[in-house]
There are 2 protein chains.
Amino acid sequence: MIKYQQIAIEIETYIEEHKLQQGEKLPVLETLMAQFKASKSTVTKALDLLEKKGVVFQVRGSGIFVRRHKRTGYIGLLSNQGFTSELEDFQLTSEVIELDVRKPTQEAALNLNIEENSDVYYVKRVRYINGQTLCLEESFYNKSIVTYLNNEIVSQSIFHYIKEGLGLKIGFSDLYLHVGKLNGEEAKYLGLKEGDPKLFIETLFHLANGQPFDFSKVTYNYEQSQFFLQATSHVL
Amino acid sequence: MIKYQQIAIEIETYIEEHKLQQGEKLPVLETLMAQFKASKSTVTKALDLLEKKGVVFQVRGSGIFVRRHKRTGYIGLLSNQGFTSELEDFQLTSEVIELDVRKPTQEAALNLNIEENSDVYYVKRVRYINGQTLCLEESFYNKSIVTYLNNEIVSQSIFHYIKEGLGLKIGFSDLYLHVGKLNGEEAKYLGLKEGDPKLFIETLFHLANGQPFDFSKVTYNYEQSQFFLQATSHVL
DNA sequence: GAGTGGTCTAGACCACAAT
DNA sequence: TTGTGGTCTAGACCACTCG
């Protein structure tokens with residue numbers, strides 16, 4: 001583990017263990033430097049990481065403060081690691097509807113940046129949270145990257161497998177979010193009525209080297225759709 | 001302007017002027033260091049800023065690449081500077097429904113972290129994009145921070161006024177996102193039908209020093225609700 | 001192995017906040 | 001004025017990718 005990541009983890013642990021609330025102040029930089037036997041830049045880098053993650057905010061001339069939000073029961077939208085890691089506090093299960101190797105749709109091929117005669121793994125799942133339907137998910141995995149999937153993997157955490165089993169590094173993702181009305185099929189899977197509201201999110205996941213490997217189309221049950229986002233002002 | 005911000009701006013300009021596409025490579029670090037007469041750390045910091053903003057991604061041992069998304073017509077959700085700066089390519093107008101000083105609701109007081117007998121500016125607007133209703137917005141501004149508002153300011157860009165007119169620095173914000181059905185009043189303002197889908201976002205905006213100053217409740221017209229988000233994997 | 005980006009340091013100096 | 005965080009540098013060394 002790299003030093004500044006380790007420091008970030010320890011600071012975060014410290015915050016949690018001391019149950020620090022929004023606005024509470026952390027020790028000053030000099031103290032942290034001494035405590036972790038690290039240079040100013042390294043500690044700053046750890047703090048930048050935590051700031052990016054939404055755990056602290058830094059105020060010049062004043063100090064480093066804890067950032068907390070007040071509401072519980074919301075799902076973080078930007079975890080980018082699949083929901084399983086995000087939702088450890090919830091009961092998350094999946095029912096696999098379809099799993100096969102096929103040719104991508106034109107849309108999927110375009111997004112994954114592959115030929116239409118390439119192979120993709122197609123996965124269709126209904127996911128449940130605390131026994132309620134959370135979402136209906138259709139995913140296309142570039143088979144030349146995600147070389148193997150089976151029913152067992154797919155009924156659990158695909159992303160965990162991609163990282164640990166295949167040793168791939170996940171990078172960034174692009175999310176496109178829409179609101180609309182459920183069609184008959186979606187309503188059936190989610191246990192709702194046709195015409196009910198839906199949140200529809202398409203996500204294109206990339207590896208750390210920039211290759212897109214997963215194009216997913218997810219329709220959420222509006223009754224469970226409580227999402228949380230943290231924004232930070234970029235300066236540019 | 002600070003050096004690494006300036007470098008970031010120039011690199012971004014370079015990308016736009018050369019119309020670089022997703023995956024195209026930027027000059028190597030050493031070249032950039034020479035070009036901007038800056039140290040490695042400074043150039044790296046500029047690149048980190050661009051990475052955070054979703055403009056580039058860096059791959060160790062390989063290079064620095066342009067990150068682009070393919071779709072147009074989507075609104076960025078995390079601009080955090082109000083929509084006006086985000087939507088320069090669109091025609092955005094506002095109709096002010098209400099503007100007054102009043103006591104906050106319990107909910108607003110709680111979020112803004114003020115007493116219920118403090119004063120807030122209450123603003124209710126319908127916002128239009130290219131002549132269509134985009135959203136119905138209700139905002140509560142902590143009057144001890146946002147000391148003055150009038151009809152003219154409120155019918156334009158409130159955030160521009162807060163930054164330039166009042167000299168306040170905007171920091172981070174927390175967004176809570178829901179999907180539901182429009183009630184009669186919302187439907188009327190948005191020109192839709194009761195029971196139609198709605199995207200409902202509550203946002204708590206903070207100054208750079210951590211003080212919450214604006215609690216907003218926004219109901220979006222689902223027909224215009226196309227949002228875009230970029231996620232980056234944090235390591236922790 | 002060569003190329004390229006990432007980490008880390010020690011220290012000088014700058015900018016903002018609180019008092 | 002003092003305390004505190006932010007910027008910037010030069011350079012050593014590390015880690016990953018690619019041919």
# chains A, B, ... in the order shown; residues from 1 in each chain; ligands from 1
>>> interface_residues(of="chain A", to="chain C", cutoff="12 Å", atoms="only C-alpha atoms (C1' of nucleotides)", output="PDB file with N, CA, C and O atoms, in the first residue's frame")
ATOM      1  N   MET A   1       0.845  -1.214   0.000  1.00  0.00           N
ATOM      2  CA  MET A   1       0.000   0.000   0.000  1.00  0.00           C
ATOM      3  C   MET A   1       0.872   1.252   0.000  1.00  0.00           C
ATOM      4  O   MET A   1       1.840   1.355   0.741  1.00  0.00           O
ATOM      5  N   ILE A   2       0.488   2.182  -0.837  1.00  0.00           N
ATOM      6  CA  ILE A   2       1.244   3.426  -0.955  1.00  0.00           C
ATOM      7  C   ILE A   2       1.023   4.315   0.270  1.00  0.00           C
ATOM      8  O   ILE A   2      -0.055   4.312   0.863  1.00  0.00           O
ATOM      9  N   LYS A   3       2.052   5.071   0.594  1.00  0.00           N
ATOM     10  CA  LYS A   3       2.035   5.810   1.855  1.00  0.00           C
ATOM     11  C   LYS A   3       0.850   6.773   1.994  1.00  0.00           C
ATOM     12  O   LYS A   3       0.170   6.785   3.013  1.00  0.00           O
ATOM     13  N   TYR A   4       0.610   7.570   0.970  1.00  0.00           N
ATOM     14  CA  TYR A   4      -0.441   8.572   1.151  1.00  0.00           C
ATOM     15  C   TYR A   4      -1.829   7.941   1.192  1.00  0.00           C
ATOM     16  O   TYR A   4      -2.739   8.459   1.835  1.00  0.00           O
ATOM     17  N   GLN A   5      -1.975   6.783   0.559  1.00  0.00           N
ATOM     18  CA  GLN A   5      -3.244   6.069   0.671  1.00  0.00           C
ATOM     19  C   GLN A   5      -3.422   5.529   2.079  1.00  0.00           C
ATOM     20  O   GLN A   5      -4.507   5.593   2.660  1.00  0.00           O
ATOM     21  N   LYS A  37       5.034  10.559  10.098  1.00  0.00           N
ATOM     22  CA  LYS A  37       6.416  10.631   9.624  1.00  0.00           C
ATOM     23  C   LYS A  37       6.451  10.815   8.112  1.00  0.00           C
ATOM     24  O   LYS A  37       7.082  10.053   7.384  1.00  0.00           O
ATOM     25  N   ALA A  38       5.735  11.824   7.657  1.00  0.00           N
ATOM     26  CA  ALA A  38       5.649  12.067   6.215  1.00  0.00           C
ATOM     27  C   ALA A  38       5.849  13.553   5.949  1.00  0.00           C
ATOM     28  O   ALA A  38       5.686  14.390   6.839  1.00  0.00           O
ATOM     29  N   SER A  39       6.212  13.857   4.726  1.00  0.00           N
ATOM     30  CA  SER A  39       6.399  15.258   4.354  1.00  0.00           C
ATOM     31  C   SER A  39       5.048  15.921   4.170  1.00  0.00           C
ATOM     32  O   SER A  39       4.007  15.274   4.066  1.00  0.00           O
ATOM     33  N   LYS A  40       5.088  17.234   4.101  1.00  0.00           N
ATOM     34  CA  LYS A  40       3.873  18.015   3.928  1.00  0.00           C
ATOM     35  C   LYS A  40       3.113  17.592   2.681  1.00  0.00           C
ATOM     36  O   LYS A  40       1.893  17.398   2.713  1.00  0.00           O
ATOM     37  N   SER A  41       3.833  17.426   1.565  1.00  0.00           N
ATOM     38  CA  SER A  41       3.173  17.064   0.311  1.00  0.00           C
ATOM     39  C   SER A  41       2.419  15.751   0.432  1.00  0.00           C
ATOM     40  O   SER A  41       1.326  15.607  -0.109  1.00  0.00           O
ATOM     41  N   THR A  42       3.023  14.816   1.124  1.00  0.00           N
ATOM     42  CA  THR A  42       2.404  13.496   1.219  1.00  0.00           C
ATOM     43  C   THR A  42       1.122  13.554   2.033  1.00  0.00           C
ATOM     44  O   THR A  42       0.094  12.998   1.647  1.00  0.00           O
ATOM     45  N   VAL A  43       1.201  14.256   3.169  1.00  0.00           N
ATOM     46  CA  VAL A  43      -0.013  14.398   3.978  1.00  0.00           C
ATOM     47  C   VAL A  43      -1.078  15.152   3.188  1.00  0.00           C
ATOM     48  O   VAL A  43      -2.252  14.764   3.170  1.00  0.00           O
ATOM     49  N   THR A  44      -0.666  16.199   2.507  1.00  0.00           N
ATOM     50  CA  THR A  44      -1.614  16.971   1.697  1.00  0.00           C
ATOM     51  C   THR A  44      -2.271  16.096   0.642  1.00  0.00           C
ATOM     52  O   THR A  44      -3.462  16.201   0.391  1.00  0.00           O
ATOM     53  N   LYS A  45      -1.472  15.238   0.057  1.00  0.00           N
ATOM     54  CA  LYS A  45      -2.019  14.364  -0.977  1.00  0.00           C
ATOM     55  C   LYS A  45      -3.063  13.411  -0.394  1.00  0.00           C
ATOM     56  O   LYS A  45      -4.100  13.158  -1.007  1.00  0.00           O
ATOM     57  N   ALA A  46      -2.780  12.910   0.794  1.00  0.00           N
ATOM     58  CA  ALA A  46      -3.762  12.058   1.466  1.00  0.00           C
ATOM     59  C   ALA A  46      -5.050  12.846   1.721  1.00  0.00           C
ATOM     60  O   ALA A  46      -6.159  12.353   1.490  1.00  0.00           O
ATOM     61  N   VAL A  59      -9.791  24.294   4.586  1.00  0.00           N
ATOM     62  CA  VAL A  59      -9.954  25.736   4.479  1.00  0.00           C
ATOM     63  C   VAL A  59      -8.625  26.407   4.776  1.00  0.00           C
ATOM     64  O   VAL A  59      -8.065  26.244   5.859  1.00  0.00           O
ATOM     65  N   ARG A  60      -8.150  27.117   3.788  1.00  0.00           N
ATOM     66  CA  ARG A  60      -6.854  27.768   3.913  1.00  0.00           C
ATOM     67  C   ARG A  60      -6.871  28.756   5.078  1.00  0.00           C
ATOM     68  O   ARG A  60      -7.816  29.518   5.242  1.00  0.00           O
ATOM     69  N   GLY A  61      -5.826  28.729   5.844  1.00  0.00           N
ATOM     70  CA  GLY A  61      -5.720  29.662   6.961  1.00  0.00           C
ATOM     71  C   GLY A  61      -6.546  29.265   8.163  1.00  0.00           C
ATOM     72  O   GLY A  61      -6.542  29.959   9.174  1.00  0.00           O
ATOM     73  N   SER A  62      -7.263  28.183   8.038  1.00  0.00           N
ATOM     74  CA  SER A  62      -8.148  27.827   9.135  1.00  0.00           C
ATOM     75  C   SER A  62      -7.950  26.391   9.629  1.00  0.00           C
ATOM     76  O   SER A  62      -7.635  26.173  10.794  1.00  0.00           O
ATOM     77  N   GLY A  63      -8.106  25.430   8.732  1.00  0.00           N
ATOM     78  CA  GLY A  63      -7.921  24.062   9.194  1.00  0.00           C
ATOM     79  C   GLY A  63      -8.524  23.043   8.261  1.00  0.00           C
ATOM     80  O   GLY A  63      -8.974  23.363   7.162  1.00  0.00           O
TER      81      GLY A  63
END
>>> select_by_dssp(residues="range 123-221 of chain A", states="strand (DSSP E)", output="NGL selection string")
:A and (123-129 or 132-142 or 170-181 or 197-207 or 212-221)
>>> residues_around(residues="Gly171 in chain A", least_positions_apart="5", cutoff="7 Å", atoms="only C-alpha atoms (C1' of nucleotides)", output="list in words")
His206, Leu207 and Ala208 of chain A; Thr232 and Ser233 of chain B
>>> write_last_selection(atoms="C-alpha atoms", output="PDB file, in the first residue's frame")
ATOM      1  CA  HIS A 206     -13.764   1.896 -18.503  1.00  0.00           C
ATOM      2  CA  LEU A 207     -10.625   0.169 -17.325  1.00  0.00           C
ATOM      3  CA  ALA A 208      -7.867   2.303 -15.876  1.00  0.00           C
TER       4      ALA A 208
ATOM      5  CA  THR B 232     -13.639   8.316 -11.188  1.00  0.00           C
ATOM      6  CA  SER B 233     -12.575   5.391  -9.117  1.00  0.00           C
TER       7      SER B 233
END
>>> residues_around(residues="range 185-195 of chain A", least_positions_apart="2", cutoff="10 Å", atoms="only C-alpha atoms (C1' of nucleotides)", output="mmCIF file with C-alpha atoms, in the first residue's frame")
data_model
loop_
_atom_site.group_PDB
_atom_site.id
_atom_site.type_symbol
_atom_site.label_atom_id
_atom_site.label_comp_id
_atom_site.auth_asym_id
_atom_site.auth_seq_id
_atom_site.Cartn_x
_atom_site.Cartn_y
_atom_site.Cartn_z
ATOM 1 C CA ILE A 97 -32.795 -13.630 -15.948
ATOM 2 C CA ARG A 125 -30.625 -9.317 -13.767
ATOM 3 C CA VAL A 126 -33.210 -8.096 -11.320
ATOM 4 C CA ARG A 127 -31.589 -6.806 -8.178
ATOM 5 C CA TYR A 128 -33.263 -6.730 -4.805
ATOM 6 C CA GLN A 132 -37.697 -5.154 -2.552
ATOM 7 C CA THR A 133 -36.971 -4.861 -6.260
ATOM 8 C CA LEU A 134 -34.268 -2.260 -6.712
ATOM 9 C CA CYS A 135 -33.620 -2.357 -10.432
ATOM 10 C CA LEU A 136 -33.660 -4.215 -13.708
ATOM 11 C CA GLY A 180 -39.467 8.323 -17.897
ATOM 12 C CA LYS A 181 -42.354 5.904 -17.671
ATOM 13 C CA LEU A 182 -42.079 2.150 -17.259
ATOM 14 C CA ASN A 183 -43.116 -0.056 -20.142
ATOM 15 C CA PRO A 197 -42.082 6.615 -13.102
ATOM 16 C CA LYS A 198 -38.675 5.159 -13.768
ATOM 17 C CA THR A 219 -34.023 0.797 -14.774
ATOM 18 C CA TYR A 220 -34.680 1.650 -11.137
ATOM 19 C CA ASN A 221 -37.769 1.085 -9.051
ATOM 20 C CA TYR A 222 -38.772 4.679 -8.265
ATOM 21 C CA GLU A 223 -39.936 3.683 -4.812
ATOM 22 C CA GLY B 195 -49.042 11.678 -11.762
ATOM 23 C CA ASP B 196 -46.415 12.126 -14.457
ATOM 24 C CA PRO B 197 -42.874 11.153 -13.447
#
>>> closest_atom_pairs(of="chain A", to="chain B", cutoff="8 Å", atoms="only C-alpha atoms", output="CSV")
residue,atom,partner,partner_atom,distance
A:Gln5,CA,B:Leu236,CA,7.0
A:Ala8,CA,B:Leu236,CA,8.0
A:Ile9,CA,B:Leu236,CA,6.9
A:Gly23,CA,B:Gly210,CA,7.0
A:Leu49,CA,B:His234,CA,7.8
A:Lys53,CA,B:His234,CA,7.0
A:Phe57,CA,B:Gly210,CA,7.6
A:Gln58,CA,B:Asn209,CA,8.0
A:Val59,CA,B:Asn209,CA,5.8
A:His69,CA,B:Asp174,CA,7.2
A:Tyr74,CA,B:Tyr176,CA,7.8
A:Leu78,CA,B:Ala231,CA,5.5
A:Ser79,CA,B:Ser233,CA,7.2
A:Asn80,CA,B:Ser233,CA,5.9
A:Gln81,CA,B:Ser233,CA,7.3
A:Ile170,CA,B:Ser233,CA,7.1
A:Gly171,CA,B:Ser233,CA,5.6
A:Phe172,CA,B:Thr232,CA,4.3
A:Ser173,CA,B:Ala231,CA,5.1
A:Asp174,CA,B:Gln230,CA,4.8
A:Leu175,CA,B:Leu229,CA,4.9
A:Tyr176,CA,B:Phe228,CA,4.8
A:Leu177,CA,B:Phe227,CA,4.9
A:His178,CA,B:Gln226,CA,5.0
A:Val179,CA,B:Tyr222,CA,5.3
A:Gly180,CA,B:Tyr222,CA,6.2
A:Lys181,CA,B:Pro197,CA,6.8
A:Asp196,CA,B:Pro197,CA,7.2
A:Pro197,CA,B:Pro197,CA,4.6
A:Lys198,CA,B:Val179,CA,7.2
A:Leu199,CA,B:Val179,CA,6.7
A:Ala208,CA,B:Val59,CA,7.0
A:Asn209,CA,B:Val59,CA,5.8
A:Gly210,CA,B:Gly23,CA,7.0
A:Tyr222,CA,B:Val179,CA,5.3
A:Glu223,CA,B:Gly180,CA,7.4
A:Ser225,CA,B:His178,CA,5.7
A:Gln226,CA,B:His178,CA,5.0
A:Phe227,CA,B:Leu177,CA,4.9
A:Phe228,CA,B:Tyr176,CA,4.8
A:Leu229,CA,B:Leu175,CA,4.9
A:Gln230,CA,B:Asp174,CA,4.8
A:Ala231,CA,B:Ser173,CA,5.1
A:Thr232,CA,B:Phe172,CA,4.3
A:Ser233,CA,B:Gly171,CA,5.6
A:His234,CA,B:Lys53,CA,7.0
A:Val235,CA,B:Gln5,CA,7.7
A:Leu236,CA,B:Ile9,CA,7.0
>>> interface_residues(of="chain D", to="chain A", cutoff="12 Å", atoms="only C-alpha atoms (C1' of nucleotides)", output="VMD selection string")
chain D and resid 2 to 8 14 to 17
>>> write_last_selection(atoms="N, CA and C atoms (P, O5', C5', C4', C3', O3' and C1' of nucleotides)", output="PDB file, in the first residue's frame")
ATOM      1  P    DT D   2       3.942  37.642  16.010  1.00  0.00           P
ATOM      2  O5'  DT D   2       2.982  36.367  15.973  1.00  0.00           O
ATOM      3  C5'  DT D   2       1.824  36.338  16.833  1.00  0.00           C
ATOM      4  C4'  DT D   2       0.958  35.172  16.438  1.00  0.00           C
ATOM      5  C3'  DT D   2       1.746  33.897  16.077  1.00  0.00           C
ATOM      6  O3'  DT D   2       1.111  32.818  16.721  1.00  0.00           O
ATOM      7  C1'  DT D   2       0.262  34.461  14.316  1.00  0.00           C
ATOM      8  P    DG D   3       1.754  31.347  16.642  1.00  0.00           P
ATOM      9  O5'  DG D   3       0.615  30.592  15.820  1.00  0.00           O
ATOM     10  C5'  DG D   3      -0.746  30.789  16.191  1.00  0.00           C
ATOM     11  C4'  DG D   3      -1.625  30.149  15.148  1.00  0.00           C
ATOM     12  C3'  DG D   3      -1.127  28.776  14.678  1.00  0.00           C
ATOM     13  O3'  DG D   3      -2.254  27.912  14.611  1.00  0.00           O
ATOM     14  C1'  DG D   3      -1.400  30.213  12.810  1.00  0.00           C
ATOM     15  P    DT D   4      -2.056  26.373  14.316  1.00  0.00           P
ATOM     16  O5'  DT D   4      -2.462  26.299  12.784  1.00  0.00           O
ATOM     17  C5'  DT D   4      -3.770  26.723  12.391  1.00  0.00           C
ATOM     18  C4'  DT D   4      -3.816  26.689  10.895  1.00  0.00           C
ATOM     19  C3'  DT D   4      -3.169  25.439  10.302  1.00  0.00           C
ATOM     20  O3'  DT D   4      -4.124  24.700   9.597  1.00  0.00           O
ATOM     21  C1'  DT D   4      -2.504  27.399   9.159  1.00  0.00           C
ATOM     22  P    DG D   5      -3.671  23.266   9.041  1.00  0.00           P
ATOM     23  O5'  DG D   5      -3.822  23.529   7.472  1.00  0.00           O
ATOM     24  C5'  DG D   5      -5.052  24.053   7.008  1.00  0.00           C
ATOM     25  C4'  DG D   5      -4.874  24.719   5.661  1.00  0.00           C
ATOM     26  C3'  DG D   5      -4.402  23.771   4.551  1.00  0.00           C
ATOM     27  O3'  DG D   5      -5.148  24.073   3.389  1.00  0.00           O
ATOM     28  C1'  DG D   5      -2.970  25.634   4.685  1.00  0.00           C
ATOM     29  P    DG D   6      -4.814  23.436   2.004  1.00  0.00           P
ATOM     30  O5'  DG D   6      -3.924  24.547   1.279  1.00  0.00           O
ATOM     31  C5'  DG D   6      -4.552  25.713   0.766  1.00  0.00           C
ATOM     32  C4'  DG D   6      -3.687  26.304  -0.334  1.00  0.00           C
ATOM     33  C3'  DG D   6      -3.307  25.300  -1.411  1.00  0.00           C
ATOM     34  O3'  DG D   6      -3.405  25.972  -2.678  1.00  0.00           O
ATOM     35  C1'  DG D   6      -1.358  26.204  -0.446  1.00  0.00           C
ATOM     36  P    DT D   7      -3.000  25.238  -3.977  1.00  0.00           P
ATOM     37  O5'  DT D   7      -1.519  25.775  -4.180  1.00  0.00           O
ATOM     38  C5'  DT D   7      -1.331  27.175  -4.323  1.00  0.00           C
ATOM     39  C4'  DT D   7       0.106  27.455  -4.698  1.00  0.00           C
ATOM     40  C3'  DT D   7       0.627  26.649  -5.894  1.00  0.00           C
ATOM     41  O3'  DT D   7       1.162  27.585  -6.813  1.00  0.00           O
ATOM     42  C1'  DT D   7       2.136  26.527  -4.064  1.00  0.00           C
ATOM     43  P    DC D   8       1.563  27.123  -8.276  1.00  0.00           P
ATOM     44  O5'  DC D   8       3.073  26.700  -8.123  1.00  0.00           O
ATOM     45  C5'  DC D   8       4.042  27.699  -7.824  1.00  0.00           C
ATOM     46  C4'  DC D   8       5.361  27.037  -7.508  1.00  0.00           C
ATOM     47  C3'  DC D   8       5.767  25.924  -8.474  1.00  0.00           C
ATOM     48  O3'  DC D   8       6.706  26.456  -9.397  1.00  0.00           O
ATOM     49  C1'  DC D   8       6.318  25.471  -6.164  1.00  0.00           C
ATOM     50  P    DC D  14      14.328   2.808  -5.448  1.00  0.00           P
ATOM     51  O5'  DC D  14      12.779   2.723  -5.794  1.00  0.00           O
ATOM     52  C5'  DC D  14      11.840   3.408  -4.960  1.00  0.00           C
ATOM     53  C4'  DC D  14      10.458   3.283  -5.560  1.00  0.00           C
ATOM     54  C3'  DC D  14      10.153   1.912  -6.162  1.00  0.00           C
ATOM     55  O3'  DC D  14       8.833   1.550  -5.782  1.00  0.00           O
ATOM     56  C1'  DC D  14       9.841   3.598  -7.790  1.00  0.00           C
ATOM     57  P    DA D  15       8.237   0.173  -6.236  1.00  0.00           P
ATOM     58  O5'  DA D  15       7.409   0.565  -7.522  1.00  0.00           O
ATOM     59  C5'  DA D  15       6.197   1.291  -7.374  1.00  0.00           C
ATOM     60  C4'  DA D  15       5.404   1.204  -8.674  1.00  0.00           C
ATOM     61  C3'  DA D  15       5.252  -0.203  -9.220  1.00  0.00           C
ATOM     62  O3'  DA D  15       3.995  -0.225  -9.863  1.00  0.00           O
ATOM     63  C1'  DA D  15       6.336   1.109 -10.804  1.00  0.00           C
ATOM     64  P    DC D  16       3.222  -1.575  -9.998  1.00  0.00           P
ATOM     65  O5'  DC D  16       2.649  -1.437 -11.477  1.00  0.00           O
ATOM     66  C5'  DC D  16       1.950  -0.257 -11.836  1.00  0.00           C
ATOM     67  C4'  DC D  16       2.284   0.113 -13.264  1.00  0.00           C
ATOM     68  C3'  DC D  16       2.059  -1.003 -14.279  1.00  0.00           C
ATOM     69  O3'  DC D  16       0.940  -0.645 -15.074  1.00  0.00           O
ATOM     70  C1'  DC D  16       4.058   0.226 -14.716  1.00  0.00           C
ATOM     71  P    DT D  17       0.411  -1.595 -16.211  1.00  0.00           P
ATOM     72  O5'  DT D  17       1.152  -1.052 -17.513  1.00  0.00           O
ATOM     73  C5'  DT D  17       0.962   0.299 -17.921  1.00  0.00           C
ATOM     74  C4'  DT D  17       1.601   0.520 -19.287  1.00  0.00           C
ATOM     75  C3'  DT D  17       1.275  -0.543 -20.334  1.00  0.00           C
ATOM     76  O3'  DT D  17       1.008   0.158 -21.533  1.00  0.00           O
ATOM     77  C1'  DT D  17       3.626  -0.344 -20.086  1.00  0.00           C
TER      78       DT D  17
END
